[in-house]
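A.B. asks: If it helps, the file is called structure.pdb and holds PDB, C-alpha atoms:
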ATOM      1  CA  MET G 231      14.156 -23.984 -18.007
ATOM      2  CA  GLN G 232      11.992 -21.587 -19.970
ATOM      3  CA  ASP G 233       8.851 -20.275 -18.268
ATOM      4  CA  THR G 234       5.735 -19.335 -20.192
ATOM      5  CA  PRO G 235       4.620 -15.690 -20.055
ATOM      6  CA  PHE G 236       2.261 -14.721 -17.260
ATOM      7  CA  GLU G 237      -1.066 -14.094 -19.012
ATOM      8  CA  LEU G 238      -3.622 -11.881 -17.386
ATOM      9  CA  GLY G 239      -6.789 -10.779 -19.141
ATOM     10  CA  GLY G 240      -5.202 -11.081 -22.570
ATOM     11  CA  LEU G 241      -2.045  -9.228 -21.517
ATOM     12  CA  LYS G 242       1.343 -10.898 -21.202
ATOM     13  CA  PHE G 243       3.894 -10.267 -18.502
ATOM     14  CA  HIS G 244       7.239 -11.729 -17.470
ATOM     15  CA  SER G 245       7.296 -10.784 -13.819
ATOM     16  CA  ARG G 246       4.921 -12.662 -11.539
ATOM     17  CA  LEU G 247       5.291 -10.170  -8.726
ATOM     18  CA  ILE G 248       2.688  -7.410  -8.481
ATOM     19  CA  VAL G 249       3.521  -4.602  -6.077
ATOM     20  CA  GLY G 250       1.528  -1.927  -4.311
ATOM     21  CA  THR G 251       2.591   1.699  -4.122
ATOM     22  CA  GLY G 252       1.293   2.643  -0.671
ATOM     23  CA  LYS G 253       3.172   3.484   2.535
ATOM     24  CA  TYR G 254       6.415   4.693   0.946
ATOM     25  CA  ARG G 255       8.269   7.765   2.224
ATOM     26  CA  ASP G 256       7.895   9.553  -1.103
ATOM     27  CA  PHE G 257       7.356   8.905  -4.807
ATOM     28  CA  ALA G 258      11.102   8.564  -5.431
ATOM     29  CA  GLU G 259      11.298   5.690  -2.959
ATOM     30  CA  THR G 260       8.165   4.172  -4.495
ATOM     31  CA  ARG G 261       9.778   4.199  -7.914
ATOM     32  CA  ALA G 262      13.082   2.794  -6.651
ATOM     33  CA  ALA G 263      11.295  -0.082  -4.890
ATOM     34  CA  VAL G 264       9.120  -0.871  -7.905
ATOM     35  CA  GLU G 265      12.215  -0.936 -10.101
ATOM     36  CA  ALA G 266      14.087  -3.212  -7.704
ATOM     37  CA  SER G 267      11.101  -5.580  -7.561
ATOM     38  CA  GLY G 268      11.081  -6.040 -11.318
ATOM     39  CA  ALA G 269       7.273  -5.811 -11.218
ATOM     40  CA  GLU G 270       5.450  -4.851 -14.388
ATOM     41  CA  ILE G 271       2.066  -4.394 -12.714
ATOM     42  CA  VAL G 272       1.596  -1.882  -9.903
ATOM     43  CA  THR G 273      -1.505  -1.259  -7.841
ATOM     44  CA  VAL G 274      -2.721   2.255  -7.066
ATOM     45  CA  ALA G 275      -5.618   3.671  -5.058
ATOM     46  CA  VAL G 276      -8.295   6.022  -6.373
ATOM     47  CA  ARG G 277      -8.715   9.146  -4.251
ATOM     48  CA  ARG G 278      -9.953  12.737  -4.462
ATOM     49  CA  VAL G 279      -7.269  15.105  -5.699
ATOM     50  CA  ASN G 280      -5.884  17.478  -3.130
ATOM     51  CA  ILE G 281      -7.409  20.823  -4.093
ATOM     52  CA  THR G 282      -5.441  22.937  -1.643
ATOM     53  CA  ASP G 283      -1.991  21.617  -2.553
ATOM     54  CA  ARG G 284      -1.895  22.213  -6.290
ATOM     55  CA  GLY G 285       1.829  21.958  -6.849
ATOM     56  CA  ARG G 286       1.749  18.391  -5.679
ATOM     57  CA  GLU G 287       3.343  15.791  -7.907
ATOM     58  CA  ASN G 288       1.363  12.920  -9.321
ATOM     59  CA  LEU G 289       2.208   9.261  -8.773
ATOM     60  CA  LEU G 290       1.997   8.617 -12.517
ATOM     61  CA  ASP G 291       4.843  11.101 -13.048
ATOM     62  CA  TYR G 292       7.023   8.534 -11.281
ATOM     63  CA  LEU G 293       5.442   5.362 -12.675
ATOM     64  CA  ASP G 294       4.970   5.828 -16.400
ATOM     65  CA  PRO G 295       1.747   4.086 -17.494
ATOM     66  CA  LYS G 296       3.475   3.294 -20.792
ATOM     67  CA  ARG G 297       6.034   1.241 -18.919
ATOM     68  CA  TYR G 298       3.919  -0.195 -16.105
ATOM     69  CA  GLN G 299       0.470  -1.728 -16.169
ATOM     70  CA  ILE G 300      -1.409   0.388 -13.647
ATOM     71  CA  LEU G 301      -3.847  -1.654 -11.578
ATOM     72  CA  PRO G 302      -6.324   0.625  -9.777
ATOM     73  CA  ASN G 303      -7.835  -0.840  -6.621
ATOM     74  CA  THR G 304     -11.104  -0.236  -4.818
ATOM     75  CA  ALA G 305      -9.506  -0.150  -1.379
ATOM     76  CA  GLY G 306     -11.664   1.506   1.234
ATOM     77  CA  CYS G 307     -14.929   0.482  -0.426
ATOM     78  CA  PHE G 308     -17.431  -1.252   1.826
ATOM     79  CA  THR G 309     -20.264  -1.764  -0.664
ATOM     80  CA  ALA G 310     -20.565  -3.105  -4.208
ATOM     81  CA  ASP G 311     -21.874   0.283  -5.382
ATOM     82  CA  GLU G 312     -18.868   2.174  -4.000
ATOM     83  CA  ALA G 313     -16.491  -0.279  -5.636
ATOM     84  CA  ILE G 314     -18.282  -0.061  -8.990
ATOM     85  CA  ARG G 315     -18.250   3.746  -8.885
ATOM     86  CA  THR G 316     -14.536   3.708  -8.058
ATOM     87  CA  CYS G 317     -13.834   1.433 -11.035
ATOM     88  CA  HIS G 318     -15.778   3.729 -13.357
ATOM     89  CA  LEU G 319     -13.675   6.686 -12.222
ATOM     90  CA  ALA G 320     -10.436   4.709 -12.465
ATOM     91  CA  ARG G 321     -11.188   3.622 -16.018
ATOM     92  CA  GLU G 322     -11.785   7.226 -17.040
ATOM     93  CA  VAL G 323      -8.225   8.165 -16.079
ATOM     94  CA  GLY G 324      -7.289   6.029 -19.057
ATOM     95  CA  VAL G 325      -4.999   3.207 -17.956
ATOM     96  CA  GLY G 326      -7.087   0.286 -19.170
ATOM     97  CA  GLU G 327      -9.741  -2.111 -17.943
ATOM     98  CA  LEU G 328      -7.754  -4.088 -15.374
ATOM     99  CA  VAL G 329      -9.015  -3.447 -11.829
ATOM    100  CA  LYS G 330      -8.283  -4.924  -8.441
ATOM    101  CA  LEU G 331     -11.679  -5.365  -6.831
ATOM    102  CA  GLU G 332     -11.823  -5.303  -3.065
ATOM    103  CA  VAL G 333     -14.960  -4.817  -1.064
ATOM    104  CA  ILE G 334     -14.080  -4.776   2.606
ATOM    105  CA  GLY G 335     -16.448  -6.384   5.082
ATOM    106  CA  ASP G 336     -14.804  -5.536   8.376
ATOM    107  CA  ASN G 337     -12.537  -2.690   9.363
ATOM    108  CA  GLN G 338     -10.385  -4.586  11.826
ATOM    109  CA  THR G 339      -9.522  -7.643   9.770
ATOM    110  CA  LEU G 340     -10.007  -6.023   6.348
ATOM    111  CA  PHE G 341     -11.438  -9.352   5.268
ATOM    112  CA  PRO G 342     -13.525  -9.110   2.116
ATOM    113  CA  ASP G 343     -17.316  -8.971   2.044
ATOM    114  CA  VAL G 344     -17.646 -12.022  -0.185
ATOM    115  CA  ALA G 345     -21.290 -11.478  -1.177
ATOM    116  CA  ALA G 346     -20.652  -7.837  -2.130
ATOM    117  CA  THR G 347     -17.451  -8.788  -3.958
ATOM    118  CA  ILE G 348     -19.323 -11.324  -6.095
ATOM    119  CA  GLU G 349     -22.118  -8.808  -6.733
ATOM    120  CA  ALA G 350     -19.674  -6.096  -7.842
ATOM    121  CA  ALA G 351     -17.642  -8.544  -9.939
ATOM    122  CA  ARG G 352     -20.746  -9.601 -11.841
ATOM    123  CA  VAL G 353     -21.576  -5.989 -12.784
ATOM    124  CA  LEU G 354     -17.999  -5.004 -13.625
ATOM    125  CA  VAL G 355     -17.355  -8.048 -15.844
ATOM    126  CA  LYS G 356     -20.539  -7.239 -17.793
ATOM    127  CA  GLU G 357     -19.282  -3.683 -18.231
ATOM    128  CA  GLY G 358     -16.071  -4.915 -19.810
ATOM    129  CA  PHE G 359     -13.697  -4.608 -16.873
ATOM    130  CA  LYS G 360     -10.950  -7.175 -16.384
ATOM    131  CA  VAL G 361     -11.632  -7.940 -12.769
ATOM    132  CA  MET G 362      -9.059  -9.254 -10.306
ATOM    133  CA  PRO G 363     -10.899  -9.808  -7.029
ATOM    134  CA  TYR G 364      -9.245  -9.879  -3.609
ATOM    135  CA  VAL G 365     -11.010 -12.700  -1.754
ATOM    136  CA  THR G 366     -10.883 -14.951   1.245
ATOM    137  CA  ASP G 367      -8.911 -18.160   0.793
ATOM    138  CA  ASP G 368     -12.133 -20.038   0.119
ATOM    139  CA  PRO G 369     -12.121 -22.453  -2.840
ATOM    140  CA  VAL G 370     -15.867 -22.150  -3.526
ATOM    141  CA  THR G 371     -15.763 -18.343  -3.631
ATOM    142  CA  CYS G 372     -12.824 -18.524  -6.018
ATOM    143  CA  LEU G 373     -14.804 -20.921  -8.237
ATOM    144  CA  ARG G 374     -17.786 -18.562  -8.312
ATOM    145  CA  LEU G 375     -15.623 -15.578  -9.240
ATOM    146  CA  GLN G 376     -13.984 -17.615 -11.976
ATOM    147  CA  GLU G 377     -17.407 -18.623 -13.358
ATOM    148  CA  ILE G 378     -18.516 -14.985 -13.412
ATOM    149  CA  GLY G 379     -15.623 -14.174 -15.710
ATOM    150  CA  CYS G 380     -12.957 -12.634 -13.490
ATOM    151  CA  VAL G 381      -9.540 -12.721 -15.192
ATOM    152  CA  ALA G 382      -7.841 -13.905 -11.984
ATOM    153  CA  VAL G 383      -8.659 -14.789  -8.403
ATOM    154  CA  MET G 384      -6.634 -13.269  -5.590
ATOM    155  CA  PRO G 385      -7.021 -15.169  -2.323
ATOM    156  CA  LEU G 386      -5.417 -13.632   0.724
ATOM    157  CA  ALA G 387      -2.549 -15.397   2.487
ATOM    158  CA  ALA G 388      -3.374 -13.612   5.751
ATOM    159  CA  PRO G 389      -4.948 -10.261   6.733
ATOM    160  CA  ILE G 390      -3.732  -7.238   4.754
ATOM    161  CA  GLY G 391      -0.520  -5.839   6.203
ATOM    162  CA  SER G 392      -0.265  -8.586   8.836
ATOM    163  CA  GLY G 393       2.854 -10.263   7.487
ATOM    164  CA  LEU G 394       1.640 -13.607   8.858
ATOM    165  CA  GLY G 395       2.377 -15.565   5.690
ATOM    166  CA  ILE G 396       0.219 -18.321   4.213
ATOM    167  CA  ARG G 397      -2.228 -19.260   6.990
ATOM    168  CA  ASN G 398      -4.133 -21.874   5.046
ATOM    169  CA  PRO G 399      -1.810 -23.641   2.616
ATOM    170  CA  PHE G 400      -4.200 -26.528   1.974
ATOM    171  CA  ASN G 401      -7.066 -24.270   0.900
ATOM    172  CA  LEU G 402      -4.640 -22.485  -1.349
ATOM    173  CA  ALA G 403      -3.588 -25.812  -2.874
ATOM    174  CA  ILE G 404      -7.243 -26.628  -3.612
ATOM    175  CA  ILE G 405      -7.813 -23.180  -5.141
ATOM    176  CA  VAL G 406      -4.789 -23.639  -7.401
ATOM    177  CA  GLU G 407      -5.929 -27.107  -8.452
ATOM    178  CA  GLN G 408      -9.437 -25.910  -9.363
ATOM    179  CA  ALA G 409      -8.506 -22.656 -11.039
ATOM    180  CA  LYS G 410      -8.690 -22.089 -14.759
ATOM    181  CA  VAL G 411      -7.660 -18.453 -14.313
ATOM    182  CA  PRO G 412      -4.437 -17.231 -12.671
ATOM    183  CA  VAL G 413      -4.306 -17.483  -8.884
ATOM    184  CA  ILE G 414      -2.506 -14.554  -7.291
ATOM    185  CA  VAL G 415      -1.849 -14.545  -3.567
ATOM    186  CA  ASP G 416      -2.807 -11.087  -2.395
ATOM    187  CA  ALA G 417      -2.064  -9.802   1.100
ATOM    188  CA  GLY G 418      -0.435 -11.220   4.185
ATOM    189  CA  VAL G 419       3.038 -11.967   2.864
ATOM    190  CA  GLY G 420       5.697 -11.059   5.437
ATOM    191  CA  THR G 421       9.011 -12.044   3.988
ATOM    192  CA  ALA G 422      10.669 -13.655   0.977
ATOM    193  CA  SER G 423      10.019 -17.273   1.997
ATOM    194  CA  ASP G 424       6.260 -16.574   2.115
ATOM    195  CA  ALA G 425       6.339 -15.395  -1.490
ATOM    196  CA  ALA G 426       8.448 -18.384  -2.539
ATOM    197  CA  GLU G 427       6.058 -20.736  -0.741
ATOM    198  CA  ALA G 428       3.058 -19.305  -2.610
ATOM    199  CA  MET G 429       4.817 -19.825  -5.923
ATOM    200  CA  GLU G 430       5.920 -23.353  -4.957
ATOM    201  CA  PHE G 431       2.248 -24.190  -4.412
ATOM    202  CA  GLY G 432       1.672 -23.375  -8.050
ATOM    203  CA  CYS G 433       0.201 -19.914  -7.645
ATOM    204  CA  ASP G 434       0.660 -17.802 -10.756
ATOM    205  CA  GLY G 435       1.695 -14.659  -8.970
ATOM    206  CA  VAL G 436       1.981 -12.772  -5.698
ATOM    207  CA  LEU G 437       0.732  -9.279  -4.878
ATOM    208  CA  MET G 438       2.195  -7.389  -1.949
ATOM    209  CA  ASN G 439       2.705  -3.913  -0.600
ATOM    210  CA  THR G 440       3.443  -3.696   3.134
ATOM    211  CA  ALA G 441       6.026  -6.505   3.123
ATOM    212  CA  ILE G 442       8.210  -4.326   0.898
ATOM    213  CA  ALA G 443       7.207  -0.782   1.871
ATOM    214  CA  GLY G 444       7.303  -1.574   5.591
ATOM    215  CA  ALA G 445      10.701  -3.304   5.571
ATOM    216  CA  LYS G 446      13.645  -1.486   7.163
ATOM    217  CA  ASP G 447      15.216  -1.328   3.709
ATOM    218  CA  PRO G 448      12.360  -1.411   1.195
ATOM    219  CA  ILE G 449      14.634  -1.430  -1.852
ATOM    220  CA  ALA G 450      16.559  -4.473  -0.621
ATOM    221  CA  MET G 451      13.312  -6.241   0.290
ATOM    222  CA  ALA G 452      11.892  -5.477  -3.155
ATOM    223  CA  ARG G 453      14.825  -7.300  -4.692
ATOM    224  CA  ALA G 454      14.466 -10.159  -2.192
ATOM    225  CA  MET G 455      10.830 -10.554  -3.236
ATOM    226  CA  LYS G 456      11.739 -10.525  -6.912
ATOM    227  CA  LEU G 457      14.229 -13.349  -6.325
ATOM    228  CA  ALA G 458      11.823 -15.253  -4.071
ATOM    229  CA  VAL G 459       9.000 -15.188  -6.614
ATOM    230  CA  GLU G 460      11.400 -16.316  -9.334
ATOM    231  CA  ALA G 461      12.901 -19.038  -7.121
ATOM    232  CA  GLY G 462       9.490 -20.299  -6.034
ATOM    233  CA  ARG G 463       8.210 -20.377  -9.590
ATOM    234  CA  LEU G 464      11.295 -22.214 -10.821
ATOM    235  CA  ALA G 465      11.041 -24.748  -7.994
ATOM    236  CA  TYR G 466       7.401 -25.344  -8.891
ATOM    237  CA  LEU G 467       8.245 -25.898 -12.553
ATOM    238  CA  ALA G 468      11.231 -28.059 -11.659
ATOM    239  CA  GLY G 469       9.033 -30.349  -9.535
ATOM    240  CA  ARG G 470      10.044 -30.933  -5.954
ATOM    241  CA  ILE G 471      10.951 -34.347  -4.532
ATOM    242  CA  GLU G 472       8.446 -36.335  -2.502
ATOM    243  CA  ARG G 473       8.627 -36.014   1.257
ATOM    244  CA  LYS G 474       9.901 -39.212   2.904
ATOM    245  CA  LEU G 475      10.066 -40.156   6.551
ATOM    246  CA  TYR G 476      13.451 -41.867   6.399
ATOM    247  CA  ALA G 477      16.790 -40.999   4.892
ATOM    248  CA  THR G 478      17.995 -41.994   1.458
ATOM    249  CA  ALA G 479      21.744 -41.631   1.060
ATOM    250  CA  SER G 480      23.010 -39.062  -1.400
ATOM    251  CA  SER G 481      26.453 -40.651  -1.755
ATOM    252  CA  PRO G 482      27.112 -44.069  -3.370
ATOM    253  CA  LEU G 483      26.860 -47.064  -1.055
ATOM    254  CA  THR G 484      29.424 -48.960  -3.142
ATOM    255  CA  GLY G 485      33.202 -48.505  -3.157
ATOM    256  CA  LEU G 486      33.343 -47.700   0.530
ATOM    257  CA  ILE G 487      36.809 -47.766   2.143
ATOM    258  CA  ARG G 488      36.813 -50.569   4.657
TER
ATOM    259  CA  MET I1427     -25.007  40.750   2.890
ATOM    260  CA  PRO I1428     -23.501  41.535  -0.504
ATOM    261  CA  ASP I1429     -26.159  42.152  -3.116
ATOM    262  CA  VAL I1430     -24.557  39.650  -5.478
ATOM    263  CA  SER I1431     -23.837  36.441  -3.559
ATOM    264  CA  PRO I1432     -20.951  34.431  -4.995
ATOM    265  CA  THR I1433     -21.950  31.199  -6.593
ATOM    266  CA  SER I1434     -20.250  27.993  -5.658
ATOM    267  CA  ILE I1435     -19.952  24.339  -6.467
ATOM    268  CA  THR I1436     -19.188  21.432  -4.199
ATOM    269  CA  LEU I1437     -15.738  20.257  -5.186
ATOM    270  CA  ASN I1438     -14.543  17.015  -3.623
ATOM    271  CA  GLY I1439     -16.952  17.501  -0.756
ATOM    272  CA  ASP I1440     -16.112  21.129   0.034
ATOM    273  CA  PRO I1441     -17.654  24.407  -1.173
ATOM    274  CA  TYR I1442     -15.611  25.992  -3.924
ATOM    275  CA  PRO I1443     -16.409  29.474  -5.249
ATOM    276  CA  ILE I1444     -16.909  30.091  -8.947
ATOM    277  CA  HIS I1445     -17.882  33.511 -10.249
ATOM    278  CA  ALA I1446     -19.980  32.193 -13.111
ATOM    279  CA  ASP I1447     -20.643  28.972 -14.916
ATOM    280  CA  LEU I1448     -17.369  27.846 -16.443
ATOM    281  CA  PRO I1449     -16.088  25.171 -18.807
ATOM    282  CA  LEU I1450     -14.658  22.107 -17.113
ATOM    283  CA  THR I1451     -11.376  22.695 -18.944
ATOM    284  CA  ALA I1452     -11.143  26.126 -17.293
ATOM    285  CA  LEU I1453     -11.753  24.642 -13.860
ATOM    286  CA  LEU I1454      -9.038  22.026 -14.389
ATOM    287  CA  GLU I1455      -6.676  24.712 -15.599
ATOM    288  CA  ARG I1456      -7.399  26.859 -12.580
ATOM    289  CA  LEU I1457      -6.664  23.865 -10.360
ATOM    290  CA  ASN I1458      -3.467  23.129 -12.314
ATOM    291  CA  MET I1459      -4.598  19.605 -13.174
ATOM    292  CA  ARG I1460      -3.675  17.640 -16.272
ATOM    293  CA  ARG I1461      -6.500  15.708 -17.856
ATOM    294  CA  SER I1462      -4.268  12.659 -18.382
ATOM    295  CA  ARG I1463      -3.952  12.321 -14.602
ATOM    296  CA  VAL I1464      -7.541  12.738 -13.438
ATOM    297  CA  ALA I1465     -11.117  11.603 -13.861
ATOM    298  CA  VAL I1466     -14.131  13.823 -13.279
ATOM    299  CA  GLU I1467     -17.628  13.118 -12.079
ATOM    300  CA  ILE I1468     -20.356  15.788 -12.084
ATOM    301  CA  ASN I1469     -23.518  15.046 -10.116
ATOM    302  CA  LEU I1470     -22.518  11.370  -9.992
ATOM    303  CA  GLN I1471     -22.102  11.167 -13.783
ATOM    304  CA  ILE I1472     -18.655  10.398 -15.197
ATOM    305  CA  VAL I1473     -17.535  13.004 -17.712
ATOM    306  CA  PRO I1474     -15.722  11.278 -20.594
ATOM    307  CA  LYS I1475     -12.473  13.007 -21.528
ATOM    308  CA  ALA I1476     -13.757  13.639 -25.052
ATOM    309  CA  ARG I1477     -16.501  15.830 -23.597
ATOM    310  CA  TYR I1478     -14.389  18.062 -21.324
ATOM    311  CA  GLU I1479     -14.493  20.993 -23.789
ATOM    312  CA  GLU I1480     -18.251  21.093 -24.083
ATOM    313  CA  THR I1481     -18.938  20.426 -20.387
ATOM    314  CA  ILE I1482     -19.997  23.448 -18.339
ATOM    315  CA  VAL I1483     -19.707  23.463 -14.550
ATOM    316  CA  ARG I1484     -22.698  25.261 -13.054
ATOM    317  CA  ALA I1485     -23.440  26.674  -9.630
ATOM    318  CA  GLY I1486     -24.646  23.963  -7.285
ATOM    319  CA  ASP I1487     -22.965  21.128  -9.188
ATOM    320  CA  LYS I1488     -21.323  18.401  -7.164
ATOM    321  CA  VAL I1489     -17.957  17.858  -8.782
ATOM    322  CA  GLU I1490     -15.555  15.050  -7.926
ATOM    323  CA  ILE I1491     -12.031  15.020  -9.325
ATOM    324  CA  ILE I1492      -9.961  11.949  -8.557
ATOM    325  CA  ASN I1493      -6.433  10.791  -9.269
ATOM    326  CA  PHE I1494      -4.245   7.826  -8.431
ATOM    327  CA  VAL I1495      -2.326   7.728  -5.170
ATOM    328  CA  GLY I1496      -0.141   5.107  -3.560
ATOM    329  CA  GLY I1497      -2.094   2.019  -2.560
ATOM    330  CA  GLY I1498      -1.876  -1.739  -2.326
TER
END
In structure tokens, write the structure found in this file.

C.D. replies:
Amino acid sequence: MQDTPFELGGLKFHSRLIVGTGKYRDFAETRAAVEASGAEIVTVAVRRVNITDRGRENLLDYLDPKRYQILPNTAGCFTADEAIRTCHLAREVGVGELVKLEVIGDNQTLFPDVAATIEAARVLVKEGFKVMPYVTDDPVTCLRLQEIGCVAVMPLAAPIGSGLGIRNPFNLAIIVEQAKVPVIVDAGVGTASDAAEAMEFGCDGVLMNTAIAGAKDPIAMARAMKLAVEAGRLAYLAGRIERKLYATASSPLTGLIR
Amino acid sequence: MPDVSPTSITLNGDPYPIHADLPLTALLERLNMRRSRVAVEINLQIVPKARYEETIVRAGDKVEIINFVGGG
């Protein structure tokens, strides 16, 4: 079965797995994990350069922007203004208009500040950014962000880094049904079955970082996630059977040896 | 007190000495930073890459230089 390309803000991709680049031991491990994941889009954070350690290598030396779509995030921003400023700086590095918008509302849960996220999205879309907002798994918020002109909506499965998996599958199903833009589950995935489950629901992609970087063997987990996203997508396209309460025999009921 | 006090800018939140106004390109060179890897903001204004040559960093300027790091 042939899948259609994954379209995001006018760009086409084959892989439906987007991976983060945080929490790895070093850049070499980051690169190895990204390669094993098969991801074509990688998220990065925007931070002040280290002035005192000038010999330091740069992440982009390990992840060639010609090969990977770099997706800068606004992690750590608590207001719309901070997030907008971060996007302006990220765009000036010169890796395109795609940004992962996150405006955090609470330090303990890292749940998004929905009002500030919508406010920032409105400004950034007007300025020509291709905005991919990290949001709560709330169908109405996802609708609003879609109306504003975001190129995708990215509801969380569970709190960032929690590994709890999809906490609200029915909301996610509603979001998928209503969406005219790609739905990407962002945050909360713990293991391969979580990623497969998201794809089986009809999500267009999955974004994760900790589930891979925090695994005992990140490279092996990266490959597991690649396979899980592919398997889940294929199962979705193939169309699963209906759930039934009682058994239906798989073997013929005729020609039995009596 | 020296009779000529050194001038300085605020670079990424910390004081950073400069001996005189200098072109942004010279500052980046001194810091060993490639322009393809960074973005620069001076006094909250983004400096487009095309204007690096003509941009002069002056005493008292608040300069931010950012790059990409690992993140999710």

A.B. asks: So the first atom is CA of Val279 (chain G) and the second is CA of Glu1490 (chain I); what is the distance between them in Å, to one decimal place?

C.D. replies: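 Calculated distance between CA of Val279 (chain G) and CA of Glu1490 (chain I) is 8.6 Å.
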
A.B. asks: Here is a test: counting all atoms listed in the file, which residue of I:His1445, I:Arg1463, I:Arg1477, I:Arg1456 is nearest to chain G?

C.D. replies: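 Comparing I:His1445, I:Arg1463, I:Arg1477, I:Arg1456 against chain G, the winner is I:Arg1463.
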
A.B. asks: Emit as JSON the padded axis-aligned box for all listed atoms of region 284-299 of chain G, 8 Å per side, with centre and edge lengths in Å to one decimal.

C.D. replies:
{"center_x": 2.6, "center_y": 10.2, "center_z": -13.2, "size_x": 24.9, "size_y": 39.9, "size_z": 31.1}

A.B. asks: Distance cut-off 8 Å, counting all atoms listed in the file - which residues of chain G neighbour chain I? Return them as an MDAnalysis selection string.

C.D. replies: chainID G and resid 249:254 273:279 281 284:285 288:290 302:303 305 318:320 322:324 438:440

A.B. asks: To one decimal place in Å, what is the distance between CA of Leu354 (chain G) and CA of Asp416 (chain G)?

C.D. replies: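 Atom-to-atom, CA of Leu354 (chain G) and CA of Asp416 (chain G) are spaced 19.8 Å apart.
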
A.B. asks: Please indicate the distance in Å from CA of Ala461 (chain G) to CA of Arg246 (chain G), rounded to one decimal place.

C.D. replies: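 Rounded to one decimal, the two atoms are 11.1 Å apart.
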
A.B. asks: Skipping near chain neighbours, those fewer than 3 positions away, what residues fall within 8 Å of Thr1433 (chain I) using all atoms listed in the file, listed as a tab-separated table (two decimals) with C-alpha atoms, keeping the file's coordinate frame?

C.D. replies:
chain	number	residue	atom	x	y	z
I	1443	PRO	CA	-16.41	29.47	-5.25
I	1444	ILE	CA	-16.91	30.09	-8.95
I	1445	HIS	CA	-17.88	33.51	-10.25
I	1446	ALA	CA	-19.98	32.19	-13.11
I	1485	ALA	CA	-23.44	26.67	-9.63
I	1486	GLY	CA	-24.65	23.96	-7.28

A.B. asks: Could you tell me which of I:Pro1449, I:Thr1436, I:Pro1441, I:Leu1454 comes closest to Glu1479 (chain I) if we count all atoms listed in the file?

C.D. replies: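 Between I:Pro1449, I:Thr1436, I:Pro1441, I:Leu1454, the residue approaching Glu1479 (chain I) most closely is I:Pro1449.
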
A.B. asks: Enumerate, as a list in words, the residues matched when the PyMOL selection byres ((chain G and resi 269) around 6) is run on the file above.

C.D. replies: Ser245, Leu247, Ile248, Ser267, Gly268, Glu270 and Ile271 of chain G

A.B. asks: Give me the result of the PyMOL selection byres ((chain G and resi 433) around 8) on this file, residue by residue, as a PDB file with C-alpha atoms, in the coordinates of the input.

C.D. replies:
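Wrote it out as out_17.pdb, contents follow:
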ATOM      1  CA  VAL G 406      -4.789 -23.639  -7.401  1.00  0.00           C
ATOM      2  CA  PRO G 412      -4.437 -17.231 -12.671  1.00  0.00           C
ATOM      3  CA  VAL G 413      -4.306 -17.483  -8.884  1.00  0.00           C
ATOM      4  CA  ILE G 414      -2.506 -14.554  -7.291  1.00  0.00           C
ATOM      5  CA  VAL G 415      -1.849 -14.545  -3.567  1.00  0.00           C
ATOM      6  CA  ALA G 428       3.058 -19.305  -2.610  1.00  0.00           C
ATOM      7  CA  MET G 429       4.817 -19.825  -5.923  1.00  0.00           C
ATOM      8  CA  GLU G 430       5.920 -23.353  -4.957  1.00  0.00           C
ATOM      9  CA  PHE G 431       2.248 -24.190  -4.412  1.00  0.00           C
ATOM     10  CA  GLY G 432       1.672 -23.375  -8.050  1.00  0.00           C
ATOM     11  CA  ASP G 434       0.660 -17.802 -10.756  1.00  0.00           C
ATOM     12  CA  GLY G 435       1.695 -14.659  -8.970  1.00  0.00           C
ATOM     13  CA  VAL G 436       1.981 -12.772  -5.698  1.00  0.00           C
TER      14      VAL G 436
END

A.B. asks: Name the residues that the PyMOL selection byres ((chain G and resi 448) around 10) picks from the file above, as a PyMOL selection string, using the file's chain letters and numbers.

C.D. replies: chain G and resi 254+259-260+262-264+266-267+440-447+449-454
